[in-house]
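Accompanying notes for the structure given below.
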Amino acid sequence: MRARAAAVLAALLAAAALLVGWGASPASATTSGPVLFGTVTSDDKGVAGVKISATNDSGFSGEATTDAAGAWEIKTPESGTYTVVLDEATLPDGVALTADSGNTRTVNAFLGKVRIQFPTGESTVQTTSKAEQAVQLTVDGLLLGLILALAAVGLSLIYGTTGLTNFAHGELVTVGALAAYFYSAVLHIPFILSALLALITCAVLGALQDKILWKQLRRRGTGLIAMLVVSIGLAIFVRYLFLFFFGGGTQQFPEYSAQAGLQFGPLSITPKAIIGAIAAIMAILATIYWLLRTRMGKASRAVSDNPALASASGIDVERVINTVWILGATLAALAGILIGLTSGVSWNMGQQILLLIFAAVTVGGLGTAFGALLGSIIVGLLIQLSTLIIPPELKSVGALIILIVILLVRPQGLLGRRERIG
Amino acid sequence: MDWNSIFSQTLTQAIGVSAVIYCLAAVGLNVHFGYTGLLNFGQAGFLAVAAYGLAVSVANMGWSLWVGLVVGLVASVVLALLLGVPTLRLRADYLAIVTIAAAEIIRLIVRSVTFREWFGGSDGITRFADSFYDLNPFPGPVALGPITFSKNDVWVVTVGWILVALSSLAIWSLMRSPWGRVLKGIREDEDAVRSLGKNVYSYKMQALILGGVIGSLGGFVSAIAFQSVQPDSFSTDFTFYAYTILILGGAARVFGPIVGAMIFWGLLVFVGESLNEAVSKGVITFITTTQVGQIRFMLVGLGLMMLMIFRPQGIFGDRKELALDAR
């Protein structure tokens with residue numbers, strides 16, 4: 001049983017290791033948040049020398065000029081809403097933006113790189129049709145869904161086995177990214193190794209958190225609502241601890257800052273996003289294997305089903321719970337590292353996605369790991385695809401509204417069981 | 001170390017504007033959580049709709065302040081109905097997630113660029129409460145021993161504490177009435193109350209509306225006191241601090257939120273001021289003044305944890321009267 005668990009952990013670590021190899025780009029240690037980028041083309045040829053500027057409410061302003069291929073990129077300091085303007089006076093003669101799209105874009109840069117289109121000519125406005133956008137957004141949504149799933153499965157497993165609604169789960173995400181940043185940027189360990197070390201660190205932290213805090217509370221017979229409030233206090237404490245030591249800025253991992261997207265037809269995906277997706281899928285598959293095939297995984301499902309009965313049939317409930325905490329913390333840390341790769345590391349990155357994780361878990365059904373997986377993919381797709389209709393800055397609102405609607409029509413979530421609702 | 005200034009700041013802030021705002025939010029939460037057992041984590045949303053209702057009416061519509069207050073109250077009742085219909089039949093932790101999501105939806109919408117014309121984006125709306133200050137009966141700043149308030153602040157704080165007193169009085173008498181006993185019954189055992197023929201759903205809805213309306217008074221005080229509404233002052237952390245205050249003072253006690261708010265703000269300001277003093281005087285050299293703010297919030301988080309673990313009934317509460325073990 002121990003060997004199996006070790007094998008699963010090894011698979012998890014291998015998934016993280018995959019992050020390394022391919023996709024390494026020239027190191028640049030700039031401090032920045034999400035990256036705005038795009039390509040200005042005319043008749044399929046890049047347009048060079050076009051000035052593009054970006055500003056936000058808090059006084060940031062950045063400028064870029066397109067290179068020979070028409071590509072441009074502006075690094076931003078933080079997530080937020082940016083106004084991007086293309087200076088039409090710098091367009092060469094004979095090239096003009098399409099009449100109906102204008103030269104100003106307002107974008108909400110939150111996770112990852114944000115592509116901004118400035119179509120030129122008369123007919124090009126249709127070349128990025130709704131259908132092509134939908135394809136790109138579907139891929140983006142799946143990537144976001146996978147990352148959410150890593151965090152959501154852990155949250156759901158912990159909820160299932162202990163009944164704890166853990167508001168400090170977002171901080172497990174943050175600590176993974178911060179640990180990886182510490183190892184790679186401060187100790188100058190190669191990134192792949194840093195990521196592995198971060199996962200091990202977080203596995204230990206997860207085990208310790210359970211042993212030191214939650215196990216003691218369970219032993220005292222603290223109520224579930226009281227534990228929920230304790231987790232809020234813990235989240236506030238830890239978050240400001242991060243801010244104290246890490247500062248308020250957004251930092252990039254030294255080896256993986258800006259990376260050009262690979263083009264697949266209308267699709268643009270960065271190599272690091274592909275590696276990240278593979279790592280996430282491997283970790284999720286390992287978790288599913290653990291749940292369905294290993295003794296410990298089966299025991300964990302038995303405990304979620306009925307702790308008293310599981311205990312009576314000889315399952316060491318406390319050990320199962322501790323293992324679930326280790327697994328949950330490791331998965332959350334992997335999610336944090338993947339978010340850090342695309343949108344940088346900050347002290348409140350976990351808090352920013354906590355509600356999306358909750359939405360994913362609730363849509364799928366609290367306490368069911370497969371529900372969390374399904375819910376995450378749905379929420380990820382929904383967030384990205386909703387930008388076809390609503391402004392991107394409101395895309396999280398769409399996900400939260402769906403959360404409320406799901407609770408209205410199917411309170412137990414898609415895969416949850418009726419008995420779980422009050 | 002200038003201890004006089006530290007103590008005077010501490011005492012002033014313990015009964016100052018922030019204490020009033022958080023106190024009203026916590027009195028409202030007391031109806032939800034303390035008496036009825038509803039885990040509303042979206043109290044910030046109630047304050048936000050009230051404050052924005054007032055600000056939009058006065059600044060954008062050009063209506064008078066009094067109409068704005070009515071609009072704000074109506075908005076918070078509507079929010080309570082919208083929230084209550086889907087969630088009040090759900091178990092406590094679902095209710096928590098939905099209310100927190102609703103408050104975030106409100107915050108994201110009012111700070112969005114899309115609705116900037118109405119709500120002013122992340123800058124919010126400013127200068128709309130002049131007609132309130134025109135009614136100010138105080139001729140100038142007021143100093144009572146170490147406590148000093150500016151002319152405008154003393155007016156806001158006076159009105160604020162009158163609102164606290166009135167709403168606390170209302171709750172005190174309501175909770176002694178048969179209506180209040182039904183609420184407490186719901187907190188203790190919903191099914192038992194239902195079997196006595198009471199419409200639990202309707203009572204919970206009434207409690208949600210009452211607590212939301214009291215919370216919205218806090219929204220008005222904050223909008224008027226700062227002459228501004230800003231989306232990020234109504235974040236989820238606001239609700240969490242209000243919970244800390246309620247649990248510190250003691251849930252399900254009329255004086256709980258009042259004493260809680262005074263102690264919370266007194267302590268927060270005392271710790272912040274003394275650390276700031278110590279840093280600027282060079283007594284403490286290893287932290288900066290920015291980090292002092294962060295230490296304060298670490299202490300809030302730690303305090304909330306410790307209270308919940310070791311003394312969940314707070315200062316005044318009765319441990320038996322806490323709906324903390326419902327599943």
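Please note that chains go A, B, ... in the order of the structure tokens, that every chain numbers its residues from 1, and that ligands are numbered from 1 in the order shown.
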Extract the full set of helix (DSSP H, G or I) residues from region 169-299 of chain B according to DSSP on the backbone, and format it as number ranges by chain. B: 169-176, 178-188, 190-195, 200-226, 231-234, 236-249, 256-280, 289-299
Write out, as JSON lines, each residue of chain B that has an atom at most 6 Å from chain A, together with the closest pair of atoms and their distance in Å to one decimal, counting only C-alpha atoms, rows going by chain and rising number.
```
{"residue": "B:Pro86", "atom": "CA", "partner": "A:Leu408", "partner_atom": "CA", "distance": 5.1}
{"residue": "B:Leu90", "atom": "CA", "partner": "A:Gly422", "partner_atom": "CA", "distance": 5.5}
{"residue": "B:Arg91", "atom": "CA", "partner": "A:Gly422", "partner_atom": "CA", "distance": 4.3}
{"residue": "B:Ala101", "atom": "CA", "partner": "A:Leu400", "partner_atom": "CA", "distance": 6.0}
{"residue": "B:Ile105", "atom": "CA", "partner": "A:Val397", "partner_atom": "CA", "distance": 5.4}
{"residue": "B:Gln291", "atom": "CA", "partner": "A:Phe244", "partner_atom": "CA", "distance": 5.9}
{"residue": "B:Gln294", "atom": "CA", "partner": "A:Tyr240", "partner_atom": "CA", "distance": 5.5}
{"residue": "B:Met298", "atom": "CA", "partner": "A:Phe237", "partner_atom": "CA", "distance": 4.2}
{"residue": "B:Gly301", "atom": "CA", "partner": "A:Gly233", "partner_atom": "CA", "distance": 4.1}
{"residue": "B:Leu302", "atom": "CA", "partner": "A:Phe237", "partner_atom": "CA", "distance": 5.7}
{"residue": "B:Leu304", "atom": "CA", "partner": "A:Gly233", "partner_atom": "CA", "distance": 5.1}
{"residue": "B:Met305", "atom": "CA", "partner": "A:Val230", "partner_atom": "CA", "distance": 4.6}
{"residue": "B:Leu324", "atom": "CA", "partner": "A:Ile225", "partner_atom": "CA", "distance": 5.1}
{"residue": "B:Asp325", "atom": "CA", "partner": "A:Gly223", "partner_atom": "CA", "distance": 4.3}
```
Nearest candidate to Leu142 (chain A) (options A:Gly80, A:Pro307, A:Gly297, A:Gly276; using only C-alpha atoms): A:Gly276
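Closest approach to Ser173 (chain B) among B:Ala242, B:Trp66, B:Ser216, B:Val254: B:Val254, based on only C-alpha atoms.
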Which residues come within 7 Å of Asn40 (chain B), counting only C-alpha atoms, excluding same-chain residues fewer than 6 positions away, as a count of residues only? 5
